[in-house]
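Peer 1: First the structure, then my questions, so here it is.
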Protein chains: 2
Amino acid sequence: MAERGRPRAFDRDEALHRAMRVFWTCGYEGASVSELAQAMGINKPSLYAAFGCKEELFREAIALYGREEGAPVGEALAAGRTARGAIEMALRVNARSYTNPDNPRGCMVVVSALAGAPENNPVCRFLAENRRESEESFRRRVERGIAEGDVLASADPARVAAFYATVMHGLSIQARDGASAAALEKVVDSAMAAWETVAS
Amino acid sequence: MAERGRPRAFDRDEALHRAMRVFWTCGYEGASVSELAQAMGINKPSLYAAFGCKEELFREAIALYGREEGAPVGEALAAGRTARGAIEMALRVNARSYTNPDNPRGCMVVVSALAGAPENNPVCRFLAENRRESEESFRRRVERGIAEGDVLASADPARVAAFYATVMHGLSIQARDGASAAALEKVVDSAMAAWETVAS
DNA sequence: CCATTTATATACCGATAGGTACAAAATTGA
DNA sequence: TCAATTTTGTACCTATCGGTATATAAATGG
């Protein structure tokens, strides 16, 4: 069970956290491997030995981001007693996260690779798939609301999900552009005002 | 008045159009100067002689984008007889543009440099400023609506502008992720349903 | 026809990109 | 103690990055 060779001298999880912040700040293409290694406090061969390649490191960083910043959103969605309350809480959790002074601005899944060189298309598609899944989770929550009776049976779950996903993604841009937490909360207020019409 | 030396063998405007499409597709960092020159049908020295440097070429491309894709939005804003109608039309014009099969997906100002390497921060800030101006134009249109009596005097123009700017920016992400024109139009329907509450 | 001016294409610049070879160091099992 | 295994740091690889020197070609003014 014990490890055989020379033990790793750095904390893999801590290093991944630091890499995540660099990608979150600079984006996938804007973060160089040298810069990543420096921020992680290791040399490049250690980085490659532990994480494979730049793209694999990025995918692990996104997975970590999902666990740390995305999980509270999923919990809010699940915990809300109505679909409306759940989606509102999910948006508010995001609004706080996007403007948290301890974090880079906006959602890492939105800001780190919206466009890129042709050879990096897999990274862009990976993030797009990630965003699609967020919208899916909104849709499923609306479906659950219909099943539980807190959403009209005539509502179109896909339409509701598309609208609130659009607002959520837009919040990342506003956050990057310097909007305050209070400003984003007001945007959420506005978006929720459409609920009765959107989910009808 | 006549030009003195050897005449330029390419159409500067046509070349700028082609550069714009490359930046729009790949983003600022994802578009290499070699790739740009190839798409423009010229060699790199011609590119540098005509446009200065990569960043200047990008800024000219954004200006061209504003003239071609942005102008109809400004016209829609100005032409609408009410603030509500004007903003709705602006969003619909964008929804069409973002999903136009002849164009790359989404708004070039949103997708081409949301994050980047530290040395490219000026480009990111330039685009952020561009987006801020879009939001400003929404705000001014709401103020005009108050002055003309089609918006309640109690409305908060900044709040209305922030909400619709958020939706507009979110539309770019949805478009990049493959949403259809019809899907984006439905999102606009949903956003407009919030008007009475947001502008009150 | 010739000097001047500007654009062209080729070939190149130093710097950095992502990624790795290699030898020394640090651990384990025997 | 010693072979086997893994990590470490240095130094390096090729390819490409943004950008340019240079010589030639094509125009104008005189």
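Every chain in the structure tokens takes a letter, A first, then B, and so on in the order presented; its residues are numbered from 1, and the ligands are numbered from 1 following the presented order.
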As JSON, numbers by chain, please: the residues near stretch 63-70 of chain B (cut-off 8 Å, only C-alpha atoms (C1' of nucleotides), same-chain neighbours under 4 positions excluded).
Peer 2: {"B": [17, 20, 59, 74, 97, 108]}
Peer 1: Which parts of stretch 87-150 of chain A does DSSP call helix (DSSP H, G or I) when run on the backbone here, written out as a PyMOL selection string?
Peer 2: chain A and resi 87-99+108-111+118-148
Peer 1: Distance cut-off 6 Å, counting only C-alpha atoms (C1' of nucleotides) - which residues of chain A neighbour chain C? Return them as a PyMOL selection string.
Peer 2: chain A and resi 4-6
Peer 1: To one decimal place, how far is atom CA of A:Ala128 from atom CA of B:Arg176 in Å?
Peer 2: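 Atom CA of A:Ala128 sits 8.0 Å away from atom CA of B:Arg176.
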Peer 1: Can you list, as an MDAnalysis selection string, every protein, DNA or RNA residue that comes within 7 Å of stretch 45-58 of chain A when you count only C-alpha atoms (C1' of nucleotides), leaving out same-chain residues fewer than 4 positions away?
Peer 2: chainID A and resid 33 37 62
Peer 1: Export C-alpha atoms of the chosen residues as a PDB file, in the first residue's frame?
Peer 2:
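And here's out12.pdb as it stands now:
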ATOM      1  CA  VAL A  33       2.574  26.394 -18.637  1.00  0.00           C
ATOM      2  CA  ALA A  37       4.152  26.010 -12.836  1.00  0.00           C
ATOM      3  CA  ILE A  62     -12.626  22.846 -14.116  1.00  0.00           C
TER       4      ILE A  62
END
Peer 1: Tell me as a PyMOL selection string which residues belonging to chain D come within 8 Å of chain B, counting only C-alpha atoms (C1' of nucleotides).
Peer 2: chain D and resi 17-18+20+26-28
Peer 1: By how many Å are atom CA of B:Gly178 and atom CA of A:Val160 apart?
Peer 2: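 Going from atom CA of B:Gly178 over to atom CA of A:Val160, I get 17.1 Å.
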Peer 1: Just how far from atom CA of B:Ser200 is atom CA of B:Ala181, in Å to one decimal?
Peer 2: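 If I compute the distance from atom CA of B:Ala181 to atom CA of B:Ser200, I get 29.7 Å.
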Peer 1: Given the choices B:Ala115, B:Ala15, B:Leu127, B:Val142, which gets closest to chain A if the distance is worked out from only C-alpha atoms?
Peer 2: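 Going through B:Ala115, B:Ala15, B:Leu127, B:Val142 one by one, the smallest distance to chain A is for B:Ala115.
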Peer 1: Closest to chain A among B:Pro122, B:Gly145, B:Gly80, B:Gly106, using only C-alpha atoms?
Peer 2: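 Counting only C-alpha atoms, the residue closest to chain A is B:Gly106.
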Peer 1: Check the smallest atom-to-atom distance from each of A:Tyr28, A:Trp195, A:Tyr98, A:Phe163 to chain B using only C-alpha atoms, then report the winner.
Peer 2: A:Phe163
Peer 1: Here is a test: counting only C-alpha atoms, which residue of A:Leu114, A:Ala95, A:Ala175, A:Ala71 is nearest to chain B?
Peer 2: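 Of the candidates, the smallest distance to chain B is held by A:Leu114.
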